[in-house]
Amino acid sequence: MTDLEYQNQAESVLKAIEQACDRLNDESDVDIDNQRTGGMITLSFSNQSQIIINLQKPLQEIWMAARAGGFHYKFNGGQWLDTKDGREFFANLSRFASAQAGQPLVFAAAA
């Protein structure tokens, strides 16, 4: 993957996360504060916990830090997969955010 392809794919992930937070805040009583600084998004929940998603350009990865731990994702076969267990990025984000928010939340790639 070229650097430009990585940047485009990774940017679409960050935009999808921002859009999902807006949708979830509008459609439910969850309160997710999302702040973006460059290639990093911090999701803050009402219980003061956070999930941080960070682009790692030199490695062409996306990193996620949540209460469940730290995870690295590489683009493979059209999706971002965990480098250790192969789980998909948005499935993990949904699982971790749901646990931290105390209610079911769904994040998905932009259509």
# chains A, B, ... in the order shown; residues from 1 in each chain; ligands from 1
>>> residues_around(residues="region 55-71 of chain A", least_positions_apart="5", cutoff="12 Å", atoms="only C-alpha atoms", output="MDAnalysis selection string")
chainID A and resid 1:14 36:45 48:50 76 79:90 92:101
>>> residues_around(residues="Asp29 (chain A)", least_positions_apart="3", cutoff="12 Å", atoms="only C-alpha atoms", output="VMD selection string")
chain A and resid 21 to 26 32 45 to 46 101 to 105
>>> select_by_dssp(residues="chain A", states="helix (DSSP H, G or I)", output="PyMOL selection string")
chain A and resi 3-27+57-59+89-101
>>> atom_distance(atom1="CA of Phe75 (chain A)", atom2="CA of Gln35 (chain A)")
23.7 Å
>>> atom_distance(atom1="CA of Ala108 (chain A)", atom2="CA of Asn47 (chain A)")
23.2 Å
